[in-house]
>>> print(open('my_file-v1.txt').read())   # compact mmCIF, C-alpha atoms
# COMPACT_ATOMS: atom_id res chain seq x y z
CA MET A 1 0.00 0.00 0.00
CA THR A 2 1.25 3.42 -0.81
CA GLU A 3 0.59 6.65 0.99
CA GLU A 4 -1.46 7.65 -1.97
CA ALA A 5 -4.11 5.09 -1.21
CA TYR A 6 -4.91 6.75 2.07
CA GLN A 7 -5.09 10.25 0.71
CA VAL A 8 -8.61 11.52 1.06
CA ASN A 9 -9.89 13.52 -1.85
CA LEU A 10 -13.16 15.34 -1.75
CA GLU A 11 -15.11 13.88 -4.66
CA GLY A 12 -11.81 12.77 -6.05
CA PHE A 13 -10.23 16.18 -6.51
CA GLU A 14 -6.52 15.83 -6.95
CA GLY A 15 -5.76 19.43 -6.13
CA PRO A 16 -6.85 23.06 -6.44
CA LEU A 17 -6.43 23.14 -10.23
CA ASP A 18 -8.55 20.05 -10.58
CA LEU A 19 -11.26 21.58 -8.41
CA LEU A 20 -11.14 24.86 -10.31
CA LEU A 21 -11.46 23.15 -13.69
CA HIS A 22 -14.38 21.21 -12.34
CA LEU A 23 -16.12 24.38 -11.17
CA ILE A 24 -15.46 26.13 -14.46
CA ARG A 25 -16.83 23.23 -16.42
CA GLU A 26 -19.79 22.73 -14.13
CA SER A 27 -20.91 26.33 -14.41
CA LYS A 28 -20.26 26.20 -18.17
CA VAL A 29 -18.24 29.37 -18.28
CA ASP A 30 -15.56 30.33 -20.78
CA ILE A 31 -12.15 29.50 -19.40
CA TYR A 32 -10.74 32.56 -21.20
CA ASP A 33 -13.23 34.79 -19.43
CA ILE A 34 -13.71 33.34 -15.98
CA PRO A 35 -16.31 35.15 -13.87
CA ILE A 36 -13.84 35.39 -11.05
CA SER A 37 -16.21 36.46 -8.24
CA ARG A 38 -18.57 33.62 -8.88
CA ILE A 39 -15.88 30.98 -9.22
CA THR A 40 -14.02 32.25 -6.16
CA GLU A 41 -17.21 32.06 -4.15
CA GLN A 42 -17.88 28.50 -5.29
CA TYR A 43 -14.30 27.52 -4.60
CA LEU A 44 -14.43 28.87 -1.05
CA ARG A 45 -17.69 27.04 -0.45
CA TYR A 46 -15.99 23.80 -1.36
CA LEU A 47 -13.20 24.49 1.09
CA ASP A 48 -15.77 25.10 3.81
CA LEU A 49 -17.42 21.82 2.98
CA MET A 50 -14.10 20.05 3.20
CA ARG A 51 -13.49 21.48 6.65
CA GLU A 52 -16.98 20.54 7.73
CA LEU A 53 -16.35 16.97 6.66
CA ASN A 54 -13.20 17.12 8.76
CA LEU A 55 -11.02 16.55 5.75
CA ASP A 56 -7.52 17.79 5.89
CA VAL A 57 -7.52 20.76 3.57
CA ALA A 58 -4.11 20.66 2.01
CA GLY A 59 -2.06 23.85 1.96
CA GLU A 60 -2.26 24.04 -1.83
CA PHE A 61 -6.01 24.57 -1.65
CA LEU A 62 -5.51 27.52 0.69
CA VAL A 63 -2.83 29.09 -1.49
CA MET A 64 -5.22 28.93 -4.43
CA ALA A 65 -7.96 30.50 -2.32
CA ALA A 66 -5.63 33.40 -1.59
CA THR A 67 -4.70 33.73 -5.27
CA LEU A 68 -8.34 33.78 -6.31
CA THR A 69 -9.22 36.38 -3.71
CA MET A 70 -6.35 38.53 -4.85
CA ILE A 71 -7.33 38.31 -8.51
CA LYS A 72 -10.88 39.10 -7.57
CA SER A 73 -9.89 42.23 -5.67
CA ARG A 74 -7.66 43.36 -8.52
CA THR A 75 -10.44 43.03 -11.06
CA LEU A 76 -12.77 44.98 -8.81
CA LEU A 77 -10.40 47.89 -8.34
CA PRO A 78 -10.69 50.64 -10.93
CA ASP A 79 -7.63 50.88 -13.13
CA PRO A 80 -5.70 53.86 -11.74
CA GLU A 81 -3.95 54.70 -15.00
CA PRO A 82 -6.18 53.89 -17.95
CA GLU A 83 -3.75 55.53 -20.38
CA GLY A 84 -0.91 53.26 -19.29
CA GLU A 85 0.32 50.38 -21.39
CA GLU A 86 -2.01 47.53 -21.98
CA GLU A 87 -1.99 45.75 -18.69
CA GLU A 88 -2.19 42.03 -18.34
CA ASP A 89 -5.51 40.70 -17.22
CA PRO A 90 -4.90 39.50 -13.64
CA ARG A 91 -6.58 36.23 -14.58
CA ASP A 92 -4.15 35.38 -17.38
CA ARG A 93 -1.54 33.64 -15.29
CA LEU A 94 -4.15 31.44 -13.70
CA VAL A 95 -5.77 30.62 -17.05
CA ARG A 96 -2.42 29.59 -18.48
CA GLN A 97 -1.78 27.38 -15.50
CA LEU A 98 -5.21 25.80 -15.84
CA LEU A 99 -4.74 25.13 -19.53
CA ASP A 100 -1.33 23.65 -18.98
CA TYR A 101 -2.70 21.35 -16.33
CA GLU A 102 -5.67 20.41 -18.49
CA ARG A 103 -3.31 19.50 -21.30
CA PHE A 104 -1.48 16.98 -19.18
CA ARG A 105 -4.68 15.66 -17.76
CA GLN A 106 -5.78 14.91 -21.29
CA ALA A 107 -2.40 13.33 -21.95
CA ALA A 108 -2.97 11.12 -18.91
CA GLU A 109 -6.28 10.02 -20.38
CA GLY A 110 -4.51 9.28 -23.64
CA LEU A 111 -2.02 7.11 -21.79
CA GLY A 112 -4.92 5.34 -20.15
CA GLU A 113 -6.34 4.48 -23.55
CA LEU A 114 -2.98 3.21 -24.77
CA LYS A 115 -2.77 1.03 -21.71
CA ALA A 116 -6.23 -0.38 -22.34
CA THR A 117 -5.37 -1.13 -25.97
CA ARG A 118 -2.15 -2.82 -24.99
CA ALA A 119 -3.92 -4.86 -22.32
CA LEU A 120 -5.79 -6.69 -25.08
CA LEU A 121 -2.53 -8.20 -26.27
CA TRP A 122 -1.01 -10.98 -24.23
CA GLU A 123 2.63 -11.84 -24.37
CA ARG A 124 4.03 -15.20 -23.39
CA GLY A 125 4.80 -16.11 -19.83
CA GLY A 126 2.80 -16.32 -16.68
CA ASP A 127 0.70 -19.22 -15.57
CA ALA A 128 -2.78 -20.21 -16.41
CA ALA A 129 -5.19 -19.08 -13.75
CA PRO A 130 -5.66 -21.92 -11.24
CA GLU A 131 -9.41 -21.59 -11.40
CA SER A 132 -11.97 -19.71 -13.38
CA THR A 133 -12.36 -16.28 -11.92
CA GLU A 134 -14.26 -14.94 -14.84
CA TYR A 135 -17.68 -14.59 -13.34
CA GLU A 136 -16.69 -14.33 -9.77
CA VAL A 137 -15.76 -11.70 -7.33
CA GLU A 138 -14.20 -12.13 -3.97
CA SER A 139 -16.91 -11.59 -1.37
CA THR A 140 -16.43 -8.86 1.15
CA LEU A 141 -16.69 -9.35 4.85
CA PHE A 142 -19.97 -7.46 4.71
CA ASP A 143 -21.44 -9.97 2.27
CA LEU A 144 -20.40 -12.75 4.54
CA ILE A 145 -21.86 -11.12 7.63
CA GLY A 146 -25.08 -10.50 5.75
CA ALA A 147 -25.31 -14.14 4.73
CA PHE A 148 -24.70 -15.31 8.26
CA GLN A 149 -27.34 -13.00 9.60
CA GLU A 150 -29.85 -14.86 7.45
CA LEU A 151 -28.50 -18.21 8.53
CA LEU A 152 -28.80 -17.23 12.16
CA GLU A 153 -32.40 -16.21 11.71
CA ARG A 154 -33.09 -19.55 10.13
CA ALA A 155 -31.27 -21.34 12.94
CA ASP A 156 -33.34 -19.46 15.48
CA ALA A 157 -36.52 -20.68 13.90
CA GLY A 158 -35.33 -24.28 14.01
CA GLU A 159 -33.93 -24.23 17.50
CA PHE A 160 -37.33 -25.04 18.86
CA HIS A 161 -36.77 -28.69 18.06
CA GLN A 162 -33.35 -28.75 19.58
CA VAL A 163 -32.86 -31.13 22.44
CA ALA A 164 -29.22 -31.86 22.97
CA VAL A 165 -26.88 -28.91 23.02
CA SER A 166 -23.64 -29.85 21.42
CA ARG A 167 -20.55 -27.74 21.76
CA MET A 168 -18.25 -27.80 18.82
CA SER A 169 -14.95 -25.97 18.85
CA ILE A 170 -13.85 -23.71 16.00
CA GLN A 171 -11.01 -26.12 15.37
CA GLU A 172 -13.42 -29.03 14.97
CA LYS A 173 -15.62 -26.97 12.69
CA MET A 174 -12.64 -26.03 10.52
CA THR A 175 -11.78 -29.69 10.14
CA GLU A 176 -15.38 -30.51 9.29
CA VAL A 177 -15.55 -27.79 6.65
CA MET A 178 -12.31 -28.94 5.07
CA ASP A 179 -13.48 -32.54 5.13
CA ARG A 180 -16.62 -31.63 3.31
CA LEU A 181 -14.73 -29.50 0.80
CA SER A 182 -12.40 -32.40 0.08
CA GLN A 183 -15.44 -34.31 -1.14
CA LEU A 184 -16.82 -31.41 -3.12
CA PRO A 185 -14.36 -28.55 -3.43
CA ARG A 186 -16.96 -25.93 -4.08
CA GLN A 187 -20.06 -25.59 -1.97
CA ARG A 188 -22.78 -23.16 -1.20
CA LEU A 189 -22.56 -21.52 2.17
CA GLU A 190 -26.12 -22.54 3.06
CA GLY A 191 -25.17 -26.12 2.32
CA LEU A 192 -22.32 -26.02 4.78
CA ALA A 193 -24.56 -24.38 7.34
CA GLY A 194 -27.27 -26.96 6.79
CA VAL A 195 -25.71 -29.38 9.24
CA CYS A 196 -25.59 -26.79 11.98
CA ARG A 197 -27.90 -27.83 14.74
CA ASN A 198 -28.26 -24.54 16.55
CA ARG A 199 -27.44 -20.91 16.64
CA SER A 200 -24.13 -21.28 18.42
CA GLU A 201 -22.99 -23.78 15.85
CA VAL A 202 -23.72 -21.28 13.08
CA VAL A 203 -21.60 -18.78 14.93
CA VAL A 204 -18.83 -21.34 15.27
CA LEU A 205 -19.11 -22.04 11.53
CA PHE A 206 -18.81 -18.34 10.80
CA LEU A 207 -15.65 -18.05 12.90
CA ALA A 208 -14.24 -21.23 11.38
CA ILE A 209 -14.79 -19.87 7.88
CA LEU A 210 -13.17 -16.57 8.74
CA GLU A 211 -10.19 -18.44 10.11
CA LEU A 212 -9.94 -20.66 7.03
CA VAL A 213 -10.03 -17.60 4.80
CA ARG A 214 -7.34 -15.99 6.90
CA VAL A 215 -5.02 -18.96 6.44
CA HIS A 216 -5.92 -19.07 2.72
CA ALA A 217 -7.35 -22.56 2.97
CA ILE A 218 -10.59 -21.44 1.34
CA ARG A 219 -11.97 -18.56 -0.65
CA ILE A 220 -15.34 -16.97 -0.43
CA ARG A 221 -16.76 -16.17 -3.82
CA GLN A 222 -19.80 -14.70 -5.49
CA ARG A 223 -20.83 -14.54 -9.11
CA ARG A 224 -22.06 -11.04 -8.56
CA THR A 225 -22.52 -8.64 -5.70
CA LEU A 226 -25.29 -9.76 -3.38
CA GLY A 227 -25.25 -13.10 -5.16
CA ARG A 228 -25.15 -16.52 -3.59
CA ILE A 229 -22.03 -17.18 -1.56
CA TRP A 230 -19.76 -20.06 -2.51
CA VAL A 231 -17.08 -21.55 -0.35
CA VAL A 232 -14.22 -22.77 -2.50
CA ARG A 233 -11.26 -24.81 -1.43
CA SER A 234 -8.12 -22.90 -2.34
CA VAL A 235 -5.91 -25.39 -4.13
CA GLN A 236 -8.01 -27.23 -6.61
CA GLU A 237 -8.67 -27.72 -10.25
CA GLU A 238 -11.10 -25.43 -11.84
CA SER A 239 -14.58 -26.68 -11.13
CA ASP A 240 -16.96 -26.04 -13.93
CA GLU A 241 -19.83 -23.69 -14.33
CA GLY A 242 -22.02 -25.43 -11.73
CA MET B 1 19.32 -17.01 -49.91
CA LYS B 2 15.87 -17.01 -48.41
CA ALA B 3 15.69 -20.70 -49.12
CA ASP B 4 18.53 -21.33 -46.69
CA LEU B 5 16.47 -20.15 -43.76
CA PRO B 6 14.35 -22.78 -42.05
CA GLU B 7 10.59 -22.56 -42.19
CA GLY B 8 9.03 -20.68 -39.27
CA LEU B 9 12.35 -19.29 -38.12
CA PHE B 10 11.26 -15.82 -37.07
CA GLU B 11 8.14 -17.03 -35.37
CA ALA B 12 10.21 -19.50 -33.39
CA LEU B 13 12.74 -16.84 -32.42
CA LEU B 14 9.97 -14.53 -31.27
CA PHE B 15 8.24 -17.32 -29.41
CA SER B 16 11.42 -18.22 -27.58
CA ALA B 17 11.61 -14.80 -25.94
CA GLU B 18 9.12 -13.32 -23.54
CA GLY B 19 10.24 -9.74 -24.04
CA PRO B 20 10.74 -7.81 -27.25
CA ILE B 21 13.71 -8.68 -29.47
CA PRO B 22 15.44 -5.65 -31.00
CA ARG B 23 15.49 -5.48 -34.80
CA GLU B 24 19.28 -5.38 -34.72
CA ARG B 25 19.42 -8.78 -33.07
CA PHE B 26 17.50 -10.33 -35.96
CA LEU B 27 19.73 -8.64 -38.48
CA GLU B 28 22.83 -9.82 -36.63
CA LEU B 29 21.59 -13.40 -36.71
CA LEU B 30 21.00 -13.18 -40.45
CA GLN B 31 24.36 -11.59 -41.06
CA GLU B 32 26.02 -14.43 -39.21
CA GLU B 33 24.58 -16.57 -42.02
CA GLU B 34 26.43 -14.31 -44.41
CA ILE B 35 23.31 -12.64 -45.63
CA PRO B 36 24.14 -9.07 -46.69
CA PRO B 37 22.51 -6.29 -44.63
CA GLU B 38 20.04 -5.02 -47.26
CA GLU B 39 18.87 -8.50 -48.00
CA ALA B 40 18.54 -9.27 -44.28
CA GLU B 41 16.36 -6.19 -43.86
CA GLY B 42 14.23 -7.33 -46.75
CA ILE B 43 13.79 -10.84 -45.38
CA LEU B 44 12.79 -9.52 -41.96
CA ASP B 45 10.36 -6.98 -43.39
CA GLY B 46 8.86 -9.63 -45.61
CA PHE B 47 8.20 -11.79 -42.58
CA LEU B 48 6.70 -8.90 -40.61
CA GLU B 49 4.45 -8.10 -43.52
CA ARG B 50 3.25 -11.66 -44.11
CA PHE B 51 2.96 -12.86 -40.54
CA PRO B 52 -0.18 -10.97 -39.43
CA ARG B 53 -1.93 -11.94 -42.67
CA ARG B 54 -1.91 -15.64 -41.99
CA VAL B 55 -5.50 -16.75 -41.95
CA ASP B 56 -5.27 -19.26 -39.14
CA GLY B 57 -2.81 -17.57 -36.81
CA GLY B 58 -3.66 -16.58 -33.26
CA THR B 59 -0.69 -14.31 -32.77
CA ILE B 60 0.67 -11.07 -34.16
CA VAL B 61 4.01 -9.33 -33.93
CA VAL B 62 3.95 -5.96 -32.23
CA GLU B 63 6.66 -3.37 -32.22
CA VAL B 64 7.20 -2.30 -28.64
CA ALA B 65 10.00 -0.85 -26.53
CA GLY B 66 12.44 -0.89 -29.40
CA GLY B 67 11.85 -4.47 -30.48
CA TYR B 68 9.44 -7.06 -31.81
CA GLN B 69 7.26 -9.15 -29.57
CA LEU B 70 4.91 -12.02 -30.22
CA CYS B 71 1.47 -11.34 -28.77
CA THR B 72 -1.98 -12.83 -29.06
CA ARG B 73 -4.48 -11.17 -31.36
CA PRO B 74 -6.55 -8.48 -29.64
CA GLU B 75 -9.80 -10.18 -30.72
CA LEU B 76 -8.87 -13.18 -28.62
CA HIS B 77 -8.52 -11.17 -25.45
CA ASP B 78 -11.78 -12.35 -23.91
CA TRP B 79 -10.76 -15.96 -24.30
CA ILE B 80 -7.27 -15.59 -23.01
CA ARG B 81 -8.14 -13.68 -19.90
CA ARG B 82 -10.30 -16.58 -18.82
CA LEU B 83 -7.27 -18.80 -18.86
CA ARG B 84 -4.57 -16.48 -17.69
CA THR B 85 -3.92 -14.28 -14.74
CA ARG B 86 -1.97 -11.15 -15.47
CA LYS B 87 1.49 -11.46 -14.11
CA GLU B 88 1.36 -8.05 -12.59
CA THR B 89 -1.42 -5.60 -13.04
CA ILE B 90 -0.21 -2.12 -12.49
CA ARG B 91 -3.13 -0.09 -11.25
CA LEU B 92 -2.50 3.60 -11.29
CA SER B 93 -4.48 6.32 -9.59
CA ARG B 94 -5.46 9.44 -11.47
CA ALA B 95 -2.75 11.37 -9.62
CA ALA B 96 -0.21 8.77 -10.71
CA MET B 97 -1.37 8.87 -14.34
CA GLU B 98 -1.19 12.67 -14.43
CA THR B 99 2.28 12.66 -12.97
CA LEU B 100 3.40 9.91 -15.31
CA ALA B 101 2.08 11.87 -18.29
CA ILE B 102 4.06 14.94 -17.23
CA VAL B 103 7.23 12.88 -16.80
CA ALA B 104 6.69 11.13 -20.14
CA TYR B 105 6.22 14.30 -22.14
CA LYS B 106 8.60 16.64 -20.33
CA GLN B 107 11.51 14.37 -19.50
CA PRO B 108 14.04 15.07 -18.18
CA VAL B 109 11.87 16.82 -15.64
CA ILE B 110 12.39 17.87 -12.02
CA THR B 111 9.92 17.69 -9.14
CA PRO B 112 9.24 21.46 -8.87
CA GLU B 113 8.18 21.55 -12.51
CA ILE B 114 5.80 18.63 -12.00
CA GLU B 115 4.37 20.30 -8.91
CA ARG B 116 3.97 23.59 -10.74
CA ILE B 117 1.87 21.93 -13.41
CA ARG B 118 -0.23 19.80 -11.09
CA GLY B 119 -0.51 22.40 -8.35
CA VAL B 120 0.03 19.79 -5.65
CA ARG B 121 2.92 18.10 -3.93
CA SER B 122 4.04 15.16 -6.00
CA GLY B 123 6.84 13.48 -4.07
CA PRO B 124 4.86 10.43 -2.89
CA VAL B 125 3.37 9.84 -6.35
CA LEU B 126 6.80 9.98 -7.93
CA ARG B 127 8.01 7.42 -5.42
CA THR B 128 5.12 5.12 -6.29
CA LEU B 129 5.90 5.40 -10.00
CA MET B 130 9.55 4.60 -9.27
CA GLU B 131 8.54 1.55 -7.24
CA ARG B 132 6.41 0.30 -10.11
CA GLY B 133 9.40 0.70 -12.39
CA LEU B 134 7.67 3.16 -14.73
CA ILE B 135 10.00 6.08 -14.14
CA ARG B 136 13.61 6.42 -13.12
CA VAL B 137 16.13 9.03 -12.09
CA LEU B 138 18.04 10.30 -15.11
CA GLY B 139 20.54 12.37 -13.16
CA ARG B 140 20.79 15.70 -11.40
CA MET B 141 20.06 19.03 -12.98
CA ASP B 142 22.96 21.43 -12.96
CA VAL B 143 21.20 24.18 -11.02
CA PRO B 144 21.44 25.19 -7.36
CA GLY B 145 20.21 22.35 -5.17
CA LYS B 146 20.99 19.81 -7.90
CA PRO B 147 17.42 18.46 -8.11
CA LEU B 148 16.82 14.95 -9.46
CA MET B 149 15.64 14.65 -13.04
CA TYR B 150 13.09 11.98 -13.90
CA GLY B 151 12.34 10.09 -17.08
CA THR B 152 10.40 7.02 -18.15
CA THR B 153 11.72 3.44 -18.31
CA GLU B 154 11.52 0.61 -20.82
CA GLN B 155 8.87 -0.91 -18.59
CA PHE B 156 6.80 2.21 -19.30
CA LEU B 157 7.04 1.61 -23.05
CA LEU B 158 6.10 -2.04 -22.62
CA HIS B 159 3.20 -1.29 -20.37
CA PHE B 160 1.68 1.27 -22.69
CA GLY B 161 2.56 -0.57 -25.86
CA LEU B 162 4.84 2.14 -27.23
CA ARG B 163 7.63 1.54 -29.71
CA ASP B 164 9.59 4.49 -28.38
CA LEU B 165 9.06 7.90 -26.83
CA ALA B 166 8.57 9.49 -30.21
CA SER B 167 5.43 7.43 -30.70
CA LEU B 168 3.70 9.03 -27.73
CA PRO B 169 0.49 10.69 -28.93
CA THR B 170 1.03 14.36 -29.68
CA LEU B 171 0.35 16.64 -26.79
CA THR B 172 -2.38 19.18 -27.47
CA GLU B 173 -0.69 22.49 -28.03
CA ILE B 174 -1.43 25.23 -25.53
CA GLN B 175 -3.69 27.55 -27.41
CA ASP B 176 -2.56 31.08 -27.81
CA LEU B 177 -4.39 32.77 -25.01
CA TYR B 178 -6.50 35.01 -27.17
CA GLY B 179 -6.35 33.28 -30.49
CA ALA B 180 -8.40 30.23 -29.79
CA ASP B 181 -12.00 31.07 -30.39
CA GLU B 182 -12.90 27.57 -31.41
CA ILE B 183 -11.60 26.09 -28.18
CA ALA B 184 -13.38 28.29 -25.72
CA GLN B 185 -14.38 25.36 -23.58
CA VAL B 186 -11.77 23.21 -21.95
CA GLY B 187 -11.72 19.52 -22.56
CA GLY B 188 -13.78 19.58 -25.71
CA ASP B 189 -12.04 17.18 -27.98
CA ASP B 190 -10.40 14.06 -26.83
CA ALA B 191 -9.62 12.22 -29.98
CA PRO B 192 -8.09 8.88 -29.17
CA PRO B 193 -4.35 8.94 -29.71
CA ALA B 194 -2.96 6.85 -32.51
CA LEU B 195 -1.26 3.68 -31.42
CA SER B 196 2.45 3.55 -32.03
CA GLU B 197 2.54 4.41 -35.65
>>> encode(input="my_file-v1.txt", output="structure tokens")
Amino acid sequence: MTEEAYQVNLEGFEGPLDLLLHLIRESKVDIYDIPISRITEQYLRYLDLMRELNLDVAGEFLVMAATLTMIKSRTLLPDPEPEGEEEEDPRDRLVRQLLDYERFRQAAEGLGELKATRALLWERGGDAAPESTEYEVESTLFDLIGAFQELLERADAGEFHQVAVSRMSIQEKMTEVMDRLSQLPRQRLEGLAGVCRNRSEVVVLFLAILELVRVHAIRIRQRRTLGRIWVVRSVQEESDEG
Amino acid sequence: MKADLPEGLFEALLFSAEGPIPRERFLELLQEEEIPPEEAEGILDGFLERFPRRVDGGTIVVEVAGGYQLCTRPELHDWIRRLRTRKETIRLSRAAMETLAIVAYKQPVITPEIERIRGVRSGPVLRTLMERGLIRVLGRMDVPGKPLMYGTTEQFLLHFGLRDLASLPTLTEIQDLYGADEIAQVGGDDAPPALSE
């Protein structure tokens, strides 16, 4: 993980220039004739929002706020010497900076397209994927918790018939799960839970599965988000479409 | 002379290597067989011309990072990705792509210049790009402070399917500030860049 991954961006803004371009585009104004008061106001509102959300407002955003405010005040002041040489519009420097940035942002998009085109070509080397991952996504912990919530509710309903309370350790449950997967390496979660006799056993199963995932003995898969959860033994031949 | 070369020679040579083979290497091999340079060039070009036209072939030769590489046809992508896992997928954030673009087009480039363009600190992103092997330090600039100069690597060319730096898509020119009526709005046209041609 890089530092980058933890950097919080408001709505994905990379920096003040990015935010400014967004505001200019959103309000559909001409970049060569930026209504500086309006844009400055919008910009400052964003900064307020960032503070409200407790985001760390990076120094660069504040520097830009100061620049905008300064440009705004300069455009509001009457020109003291109208007969003087043609003065540069105070916005020019900023516009040039924005255009330059925009140019490289487009270049970055261009690189992205090149990368996508190249990704269609495969060179030699590398192994065949150990199992078909095509239609599957790795389930998140939240999916798993959701599934177990349902299982628990079901277990609650059935507990009525329960007579003997058996205590199974997590270790025993792990062994049981692996045993069953050695017969059929890919099973539905409900199937594995089917043998659970009571609520506490479902909980034990949940913990056992978490532990097995942690040690990479199994994987938890779904065909799609919110789909049915499959428990798959890690080292195995690709099982078919099923 | 062509008759002296075994059938399927170039394909086999390309197949034997995972990475691109420079054109010069092929020519050297042919010259070792006492084939004169011009003729060697002709033989190689003939192969490169014919190879992608085979009707039943699943591979093509691409020119990348200063050499030729055997790759599967793009139309077969959907099939191959079911079988294969990418050896390493380099996922890059938007910040990283922006920074990489600046390095690619402006190399040799120093950190302050990158930060001037992006308007944000870029040290960590540069480090990430270095770790992924996409950029490298080219040396130090001969100005006070001797800042490091960055440039792209061969890995960069491979990853983006570029023959060389000259085949990067042309950067949109900065419009003359007041002479660009037709491009009043930013980000209007984004014509896809031509692939290494």
>>> closest_residue(input="my_file-v1.txt", among="A:Gln187, A:Glu172, A:Phe13, A:Arg91", to="Ala95 (chain B)", atoms="only C-alpha atoms")
A:Phe13
>>> closest_residue(input="my_file-v1.txt", among="A:Asp89, A:Glu123, A:Glu113, A:Glu153", to="Phe160 (chain B)", atoms="all atoms listed in the file")
A:Glu113
>>> closest_residue(input="my_file-v1.txt", among="B:Val109, B:Leu168, B:Ile117, B:Val103", to="Glu102 (chain A)", atoms="all atoms listed in the file")
B:Ile117
>>> closest_residue(input="my_file-v1.txt", among="A:Leu49, A:Leu19, A:Ile71, A:Ala107", to="chain B", atoms="only C-alpha atoms")
A:Ala107
>>> residues_around(input="my_file-v1.txt", residues="Leu212 (chain A)", least_positions_apart="3", cutoff="12 Å", atoms="all atoms listed in the file", output="ChimeraX atom specification")
/A:170-171,173-178,181,205-209,215-220,231-234
>>> residues_around(input="my_file-v1.txt", residues="Ile229 (chain A)", least_positions_apart="2", cutoff="6 Å", atoms="all atoms listed in the file", output="list of chain:residue names")
A:Leu189, A:Arg221, A:Gln222
>>> atom_distance(input="my_file-v1.txt", atom1="CA of Pro90 (chain A)", atom2="CA of Ile31 (chain A)")
13.6 Å
>>> closest_residue(input="my_file-v1.txt", among="B:Arg25, B:Arg163, B:Arg50, B:His77", to="chain A", atoms="all atoms listed in the file")
B:His77
>>> closest_residue(input="my_file-v1.txt", among="B:Thr99, B:Leu5, B:Pro52, B:Ile35", to="Cys71 (chain B)", atoms="all atoms listed in the file")
B:Pro52
>>> residues_around(input="my_file-v1.txt", residues="Arg23 (chain B)", least_positions_apart="2", cutoff="10 Å", atoms="all atoms listed in the file", output="PDB file with C-alpha atoms, keeping the file's coordinate frame")
ATOM      1  CA  PRO B  20      10.740  -7.810 -27.250  1.00  0.00           C
ATOM      2  CA  ILE B  21      13.710  -8.680 -29.470  1.00  0.00           C
ATOM      3  CA  ARG B  25      19.420  -8.780 -33.070  1.00  0.00           C
ATOM      4  CA  PHE B  26      17.500 -10.330 -35.960  1.00  0.00           C
ATOM      5  CA  LEU B  27      19.730  -8.640 -38.480  1.00  0.00           C
ATOM      6  CA  GLU B  28      22.830  -9.820 -36.630  1.00  0.00           C
ATOM      7  CA  GLU B  41      16.360  -6.190 -43.860  1.00  0.00           C
ATOM      8  CA  LEU B  44      12.790  -9.520 -41.960  1.00  0.00           C
ATOM      9  CA  GLU B  63       6.660  -3.370 -32.220  1.00  0.00           C
ATOM     10  CA  GLY B  66      12.440  -0.890 -29.400  1.00  0.00           C
ATOM     11  CA  GLY B  67      11.850  -4.470 -30.480  1.00  0.00           C
ATOM     12  CA  TYR B  68       9.440  -7.060 -31.810  1.00  0.00           C
TER      13      TYR B  68
END
>>> residues_around(input="my_file-v1.txt", residues="Ile24 (chain A)", least_positions_apart="4", cutoff="12 Å", atoms="all atoms listed in the file", output="PDB file with C-alpha atoms, keeping the file's coordinate frame")
ATOM      1  CA  LEU A  17      -6.430  23.140 -10.230  1.00  0.00           C
ATOM      2  CA  ASP A  18      -8.550  20.050 -10.580  1.00  0.00           C
ATOM      3  CA  LEU A  19     -11.260  21.580  -8.410  1.00  0.00           C
ATOM      4  CA  LEU A  20     -11.140  24.860 -10.310  1.00  0.00           C
ATOM      5  CA  LYS A  28     -20.260  26.200 -18.170  1.00  0.00           C
ATOM      6  CA  VAL A  29     -18.240  29.370 -18.280  1.00  0.00           C
ATOM      7  CA  ASP A  30     -15.560  30.330 -20.780  1.00  0.00           C
ATOM      8  CA  ILE A  31     -12.150  29.500 -19.400  1.00  0.00           C
ATOM      9  CA  TYR A  32     -10.740  32.560 -21.200  1.00  0.00           C
ATOM     10  CA  ASP A  33     -13.230  34.790 -19.430  1.00  0.00           C
ATOM     11  CA  ILE A  34     -13.710  33.340 -15.980  1.00  0.00           C
ATOM     12  CA  PRO A  35     -16.310  35.150 -13.870  1.00  0.00           C
ATOM     13  CA  ILE A  36     -13.840  35.390 -11.050  1.00  0.00           C
ATOM     14  CA  ARG A  38     -18.570  33.620  -8.880  1.00  0.00           C
ATOM     15  CA  ILE A  39     -15.880  30.980  -9.220  1.00  0.00           C
ATOM     16  CA  THR A  40     -14.020  32.250  -6.160  1.00  0.00           C
ATOM     17  CA  GLN A  42     -17.880  28.500  -5.290  1.00  0.00           C
ATOM     18  CA  TYR A  43     -14.300  27.520  -4.600  1.00  0.00           C
ATOM     19  CA  VAL A  95      -5.770  30.620 -17.050  1.00  0.00           C
ATOM     20  CA  LEU A  98      -5.210  25.800 -15.840  1.00  0.00           C
ATOM     21  CA  LEU A  99      -4.740  25.130 -19.530  1.00  0.00           C
TER      22      LEU A  99
ATOM     23  CA  ALA B 184     -13.380  28.290 -25.720  1.00  0.00           C
ATOM     24  CA  GLN B 185     -14.380  25.360 -23.580  1.00  0.00           C
ATOM     25  CA  VAL B 186     -11.770  23.210 -21.950  1.00  0.00           C
ATOM     26  CA  GLY B 187     -11.720  19.520 -22.560  1.00  0.00           C
TER      27      GLY B 187
END
>>> atom_distance(input="my_file-v1.txt", atom1="CA of Gly161 (chain B)", atom2="CA of Lys115 (chain A)")
6.9 Å
>>> atom_distance(input="my_file-v1.txt", atom1="CA of Glu7 (chain B)", atom2="CA of Leu120 (chain A)")
28.5 Å
>>> residues_around(input="my_file-v1.txt", residues="Phe104 (chain A)", least_positions_apart="3", cutoff="10 Å", atoms="all atoms listed in the file", output="PyMOL selection string")
(chain A and resi 99-101+107-110) or (chain B and resi 97-103+105+117-118+171-172)
